[in-house]
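Undergrad: For reference, the structure I am asking about is given below.
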Amino acid sequence: MTVRGLPMTVPAPGLPTRVRIHEVGARDGLQNEKGTVPTAVKAEFVHRLAEAGLTTIEATSFVHPKWVPQLADAEQLFPLLSGLPVELPVLVPNERGLDRALALGARRVAVFASATESFAKANLNRTVDESLAMFHPVVERAKAGGVHVRGYLSMCFGDPWEGAVPVPQVVRVCRALIDMGCDELSLGDTIGVATPGHVEELLTALDEEGIPVSALGVHFHDTYGQALANTLAALRHGVTTVDASAGGLGGCPFAKSATGNLATEDLVWMLTGLGIDTGVDLGRLVATSVWMAGRLGRPSPSRTVRALSHEDAEGQEGREAHKEQ
């Protein structure tokens with residue numbers, strides 16, 4: 001499932017030599033499914049992603065099953081992944097979620113905040129400041145135990161209820177999460193409305209606030225076809241952590257206008273062409289997404305998956321036809 005010699009490697013100046021992909025398909029992708037994926041299938045999905053070379057794979061979420069029933073099997077799933085030589089971050093909404101994660105040996109956790117009041121209310125039933133107060137003891141306890149903490153920040157570039165989100169508003173919440181003790185921030189374009197200039201403006205404002213680019217990751221949705229362009233803008237600014245979802249799975253169950261995440265395969269194709277190392281075997285990754293698409297009963301939305309799996313299918317048909325001659 002690769003095209004020989006393609007994409008041709010043509011490096012561009014001013015870009016990092018390596019990018020760490022923070023794979024979110026098993027969590028952010030599957031939590032948006034209407035049906036529940038069996039635990040054994042989820043476990044095999046994560047194992048296949050690891051075999052494809054991904055080193056950070058977000059495994060699940062320890063939220064109350066009432067809110068995200070698709071991930072209600074976190075306690076059953078996580079032990080099935082314990083032997084993998086990869087980082088397995090998990091989401092924790094509060095201290096109870098942290099307790100559940102720590103009891104299973106999780107060493108990387110994430111809290112999820114909002115840059116807007118409307119989404120904080122929809123997602124957490126709290127104001128922005130109330131949600132930050134809820135996260136404070138979670139981060140404090142995790143850090144005291146030597147656990148790495150990521151802070152997700154949703155609606156950094158636009159909100160379905162409030163529209164445009166002022167950059168200083170986003171910076172304020174980023175500052176609060178860093179001051180709280182988060183090791184890393186993921187800047188989320190939850191409804192996919194960002195454009196490259198907007199990305200550059202926010203990253204510049206975070207620079208001026210004293211938040212190091214090394215602590216930042218980006219999380220783009222492809223609603224308006226801008227995810228790769230926005231990623232390239234972030235890379236040019238020095239960002240080296242990019243969230244992506246195998247096969248383009250996912251969206252956001254609490255923001256109905258949110259469509260799929262940036263597909264990991266599309267990201268790897270672009271980075272490979274730029275000569276940026278990811279450590280990912282694209283052929284194996286495409287095969288994994290084709291396999292998962294079969295389990296979900298629909299084709300992958302990733303353009304790269306479709307292109308490469310189509311090439312593979314045509315090649316197989318040609319080989320079969322040759323045998324018959």
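If you're wondering about the labels, chains in the structure tokens are A, B, ... by order shown, residues count from 1 in each chain, ligands from 1 in order shown.
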Name the residues of segment 54-257 of chain A that come out as strand (DSSP E or B) in a backbone DSSP run; write them as a ChimeraX atom specification.
TA: /A:56-57,60-61,87,90-91,108-114,148-154,159,163,184-189,216-221,241-245
Undergrad: If we count only C-alpha atoms and set the cut-off at 7 Å, which residues sit around segment 293-306 of chain A, ignoring sequence neighbours fewer than 5 positions away in its own chain? Please answer as a ChimeraX atom specification.
TA: /A:247-248,263,265-266,286
Undergrad: For the selection just defined, write its residues with N, CA, C and O atoms to a file, as a PDB file, in the first residue's frame.
TA:
```
ATOM      1  N   GLY A 247      -6.911   7.175   9.754  1.00  0.00           N
ATOM      2  CA  GLY A 247      -8.089   7.086   8.905  1.00  0.00           C
ATOM      3  C   GLY A 247      -8.979   8.303   8.935  1.00  0.00           C
ATOM      4  O   GLY A 247     -10.032   8.321   8.299  1.00  0.00           O
ATOM      5  N   GLY A 248      -8.594   9.347   9.689  1.00  0.00           N
ATOM      6  CA  GLY A 248      -9.425  10.540   9.791  1.00  0.00           C
ATOM      7  C   GLY A 248     -10.650  10.361  10.661  1.00  0.00           C
ATOM      8  O   GLY A 248     -11.628  11.112  10.551  1.00  0.00           O
ATOM      9  N   ALA A 263      -6.344  13.356   9.200  1.00  0.00           N
ATOM     10  CA  ALA A 263      -5.994  11.941   9.058  1.00  0.00           C
ATOM     11  C   ALA A 263      -4.491  11.751   9.200  1.00  0.00           C
ATOM     12  O   ALA A 263      -3.691  12.473   8.587  1.00  0.00           O
ATOM     13  N   GLU A 265      -2.618   9.459   8.039  1.00  0.00           N
ATOM     14  CA  GLU A 265      -1.981   9.096   6.764  1.00  0.00           C
ATOM     15  C   GLU A 265      -1.726  10.322   5.902  1.00  0.00           C
ATOM     16  O   GLU A 265      -0.682  10.429   5.245  1.00  0.00           O
ATOM     17  N   ASP A 266      -2.681  11.244   5.876  1.00  0.00           N
ATOM     18  CA  ASP A 266      -2.496  12.461   5.081  1.00  0.00           C
ATOM     19  C   ASP A 266      -1.327  13.282   5.636  1.00  0.00           C
ATOM     20  O   ASP A 266      -0.531  13.854   4.888  1.00  0.00           O
ATOM     21  N   VAL A 286      -1.773   2.600   6.635  1.00  0.00           N
ATOM     22  CA  VAL A 286      -2.905   2.530   5.717  1.00  0.00           C
ATOM     23  C   VAL A 286      -3.632   1.197   5.878  1.00  0.00           C
ATOM     24  O   VAL A 286      -4.873   1.152   5.929  1.00  0.00           O
TER      25      VAL A 286
END
```
Undergrad: What does the distance between atom CA of Ala43 of chain A and atom CA of His22 of chain A come to in Å, to one decimal place?
TA: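 These two atoms are separated by 17.3 Å.
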Undergrad: Using only C-alpha atoms, can you tell me which of A:Leu285, A:Ala205, A:Leu232, A:Ala115 comes closest to Pro13 of chain A?
TA: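 For Pro13 of chain A, the nearest of the given residues is A:Leu232.
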Undergrad: Choose the residue, out of A:Asn261, A:Thr2, A:Ser309, A:Thr56, that has the smallest atom-to-atom separation from Gly29 of chain A; count only C-alpha atoms.
TA: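 Closest candidate: A:Asn261.
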Undergrad: Just how far from atom CA of Leu71 of chain A is atom CA of Thr39 of chain A, in Å to one decimal?
TA: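 Separation of atom CA of Thr39 of chain A and atom CA of Leu71 of chain A: 9.1 Å.
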Undergrad: With only C-alpha atoms as the counted atoms, please give the residues lying no more than 10 Å from segment 119-126 of chain A, apart from itself and same-chain residues fewer than 3 positions off, as a compact mmCIF listing (two decimals) with all heavy atoms, in the first residue's frame.
TA:
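Once written, result34.txt looks like this:
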```txt
# COMPACT_ATOMS: atom_id res chain seq x y z
N TRP A 67 -21.58 9.94 29.82
CA TRP A 67 -21.26 11.00 28.89
C TRP A 67 -20.62 10.48 27.61
O TRP A 67 -20.88 11.02 26.53
CB TRP A 67 -20.34 12.03 29.56
CG TRP A 67 -20.98 12.64 30.77
CD1 TRP A 67 -20.59 12.51 32.07
CD2 TRP A 67 -22.17 13.45 30.80
NE1 TRP A 67 -21.45 13.19 32.91
CE2 TRP A 67 -22.43 13.78 32.15
CE3 TRP A 67 -23.02 13.94 29.81
CZ2 TRP A 67 -23.51 14.56 32.53
CZ3 TRP A 67 -24.10 14.72 30.19
CH2 TRP A 67 -24.33 15.02 31.53
N PRO A 93 -11.25 13.60 33.41
CA PRO A 93 -11.99 14.85 33.57
C PRO A 93 -11.93 15.45 34.96
O PRO A 93 -12.17 16.65 35.14
CB PRO A 93 -13.43 14.43 33.24
CG PRO A 93 -13.49 13.01 33.71
CD PRO A 93 -12.12 12.43 33.43
N PHE A 112 -9.13 18.36 29.77
CA PHE A 112 -9.64 19.01 28.56
C PHE A 112 -10.45 20.25 28.92
O PHE A 112 -11.52 20.19 29.48
CB PHE A 112 -10.46 18.03 27.71
CG PHE A 112 -11.36 17.11 28.48
CD1 PHE A 112 -12.72 17.39 28.60
CD2 PHE A 112 -10.86 15.95 29.06
CE1 PHE A 112 -13.56 16.52 29.29
CE2 PHE A 112 -11.69 15.08 29.76
CZ PHE A 112 -13.05 15.38 29.88
N ALA A 113 -9.86 21.39 28.59
CA ALA A 113 -10.45 22.69 28.91
C ALA A 113 -11.03 23.32 27.65
O ALA A 113 -10.86 22.82 26.54
CB ALA A 113 -9.39 23.60 29.52
N SER A 114 -11.69 24.45 27.84
CA SER A 114 -12.27 25.19 26.73
C SER A 114 -11.82 26.64 26.78
O SER A 114 -11.68 27.23 27.85
CB SER A 114 -13.80 25.13 26.79
OG SER A 114 -14.38 26.01 25.85
N ALA A 115 -11.63 27.21 25.59
CA ALA A 115 -11.30 28.63 25.51
C ALA A 115 -12.55 29.51 25.55
O ALA A 115 -12.44 30.73 25.68
CB ALA A 115 -10.53 28.92 24.23
N THR A 116 -13.74 28.89 25.44
CA THR A 116 -14.98 29.66 25.40
C THR A 116 -15.95 29.20 26.48
O THR A 116 -15.98 28.03 26.86
CB THR A 116 -15.68 29.54 24.04
OG1 THR A 116 -16.12 28.19 23.86
CG2 THR A 116 -14.75 29.93 22.90
N ASP A 129 -13.61 29.27 34.18
CA ASP A 129 -12.85 29.35 35.43
C ASP A 129 -13.22 28.22 36.38
O ASP A 129 -12.35 27.70 37.09
CB ASP A 129 -13.06 30.71 36.10
CG ASP A 129 -12.34 31.83 35.37
OD1 ASP A 129 -11.37 31.54 34.63
OD2 ASP A 129 -12.73 33.00 35.53
N GLU A 130 -14.49 27.82 36.38
CA GLU A 130 -14.88 26.68 37.22
C GLU A 130 -14.23 25.39 36.74
O GLU A 130 -13.82 24.55 37.56
CB GLU A 130 -16.41 26.53 37.21
CG GLU A 130 -17.15 27.58 38.01
CD GLU A 130 -18.64 27.56 37.78
OE1 GLU A 130 -19.10 26.89 36.82
OE2 GLU A 130 -19.36 28.22 38.55
N SER A 131 -14.09 25.23 35.45
CA SER A 131 -13.44 24.02 34.93
C SER A 131 -11.95 24.02 35.26
O SER A 131 -11.38 22.98 35.63
CB SER A 131 -13.65 23.89 33.42
OG SER A 131 -13.02 24.94 32.72
N LEU A 132 -11.32 25.18 35.19
CA LEU A 132 -9.90 25.27 35.55
C LEU A 132 -9.71 24.93 37.03
O LEU A 132 -8.75 24.24 37.40
CB LEU A 132 -9.37 26.66 35.26
CG LEU A 132 -9.25 27.03 33.77
CD1 LEU A 132 -8.90 28.50 33.61
CD2 LEU A 132 -8.22 26.15 33.07
N MET A 134 -11.54 22.91 38.70
CA MET A 134 -11.73 21.46 38.82
C MET A 134 -10.46 20.71 38.41
O MET A 134 -10.11 19.69 39.01
CB MET A 134 -12.90 21.03 37.94
CG MET A 134 -13.16 19.52 37.95
SD MET A 134 -14.60 19.05 36.95
CE MET A 134 -13.97 19.37 35.29
N SER A 154 -9.93 23.33 23.78
CA SER A 154 -10.87 23.33 22.65
C SER A 154 -11.25 24.75 22.25
O SER A 154 -11.12 25.70 23.02
CB SER A 154 -12.13 22.56 23.02
OG SER A 154 -11.84 21.22 23.33
N MET A 155 -11.76 24.89 21.03
CA MET A 155 -12.31 26.14 20.50
C MET A 155 -11.28 27.27 20.45
O MET A 155 -11.59 28.44 20.69
CB MET A 155 -13.53 26.58 21.32
CG MET A 155 -14.63 25.55 21.38
SD MET A 155 -15.31 25.17 19.73
CE MET A 155 -16.37 23.77 20.14
N ASP A 159 -15.87 29.10 17.63
CA ASP A 159 -16.85 28.41 18.47
C ASP A 159 -18.19 28.44 17.74
O ASP A 159 -18.58 29.47 17.20
CB ASP A 159 -16.93 29.15 19.82
CG ASP A 159 -17.95 28.55 20.76
OD1 ASP A 159 -19.16 28.79 20.53
OD2 ASP A 159 -17.56 27.86 21.71
N PRO A 160 -18.92 27.30 17.72
CA PRO A 160 -20.19 27.27 16.96
C PRO A 160 -21.26 28.19 17.53
O PRO A 160 -22.19 28.57 16.82
CB PRO A 160 -20.61 25.80 17.02
CG PRO A 160 -19.90 25.25 18.22
CD PRO A 160 -18.62 26.01 18.31
N TRP A 161 -21.15 28.54 18.82
CA TRP A 161 -22.14 29.41 19.45
C TRP A 161 -21.66 30.87 19.50
O TRP A 161 -22.45 31.79 19.34
CB TRP A 161 -22.44 28.94 20.87
CG TRP A 161 -23.01 27.56 20.92
CD1 TRP A 161 -24.30 27.18 20.68
CD2 TRP A 161 -22.29 26.35 21.21
NE1 TRP A 161 -24.44 25.82 20.81
CE2 TRP A 161 -23.23 25.29 21.13
CE3 TRP A 161 -20.96 26.06 21.52
CZ2 TRP A 161 -22.86 23.96 21.37
CZ3 TRP A 161 -20.60 24.74 21.76
CH2 TRP A 161 -21.54 23.71 21.68
N GLU A 162 -20.37 31.06 19.71
CA GLU A 162 -19.84 32.41 19.91
C GLU A 162 -19.15 33.00 18.69
O GLU A 162 -18.86 34.19 18.66
CB GLU A 162 -18.86 32.40 21.10
CG GLU A 162 -19.51 31.99 22.41
CD GLU A 162 -18.55 32.01 23.58
OE1 GLU A 162 -17.51 32.69 23.50
OE2 GLU A 162 -18.84 31.34 24.59
N CYS A 252 -16.21 15.66 17.37
CA CYS A 252 -16.44 16.02 18.77
C CYS A 252 -17.92 15.83 19.06
O CYS A 252 -18.76 16.50 18.45
CB CYS A 252 -16.03 17.46 19.04
SG CYS A 252 -16.37 17.97 20.75
N PRO A 253 -18.30 14.94 19.99
CA PRO A 253 -19.71 14.68 20.25
C PRO A 253 -20.45 15.85 20.86
O PRO A 253 -21.67 15.87 20.86
CB PRO A 253 -19.67 13.48 21.22
CG PRO A 253 -18.32 13.55 21.86
CD PRO A 253 -17.41 14.11 20.81
N PHE A 254 -19.73 16.84 21.38
CA PHE A 254 -20.38 17.97 22.02
C PHE A 254 -20.35 19.23 21.15
O PHE A 254 -20.81 20.28 21.56
CB PHE A 254 -19.72 18.26 23.37
CG PHE A 254 -19.78 17.08 24.29
CD1 PHE A 254 -18.67 16.29 24.50
CD2 PHE A 254 -20.97 16.73 24.92
CE1 PHE A 254 -18.72 15.17 25.33
CE2 PHE A 254 -21.03 15.62 25.76
CZ PHE A 254 -19.92 14.84 25.97
N ALA A 255 -19.82 19.12 19.94
CA ALA A 255 -19.84 20.24 18.99
C ALA A 255 -20.29 19.67 17.65
O ALA A 255 -19.51 19.10 16.90
CB ALA A 255 -18.46 20.88 18.87
```
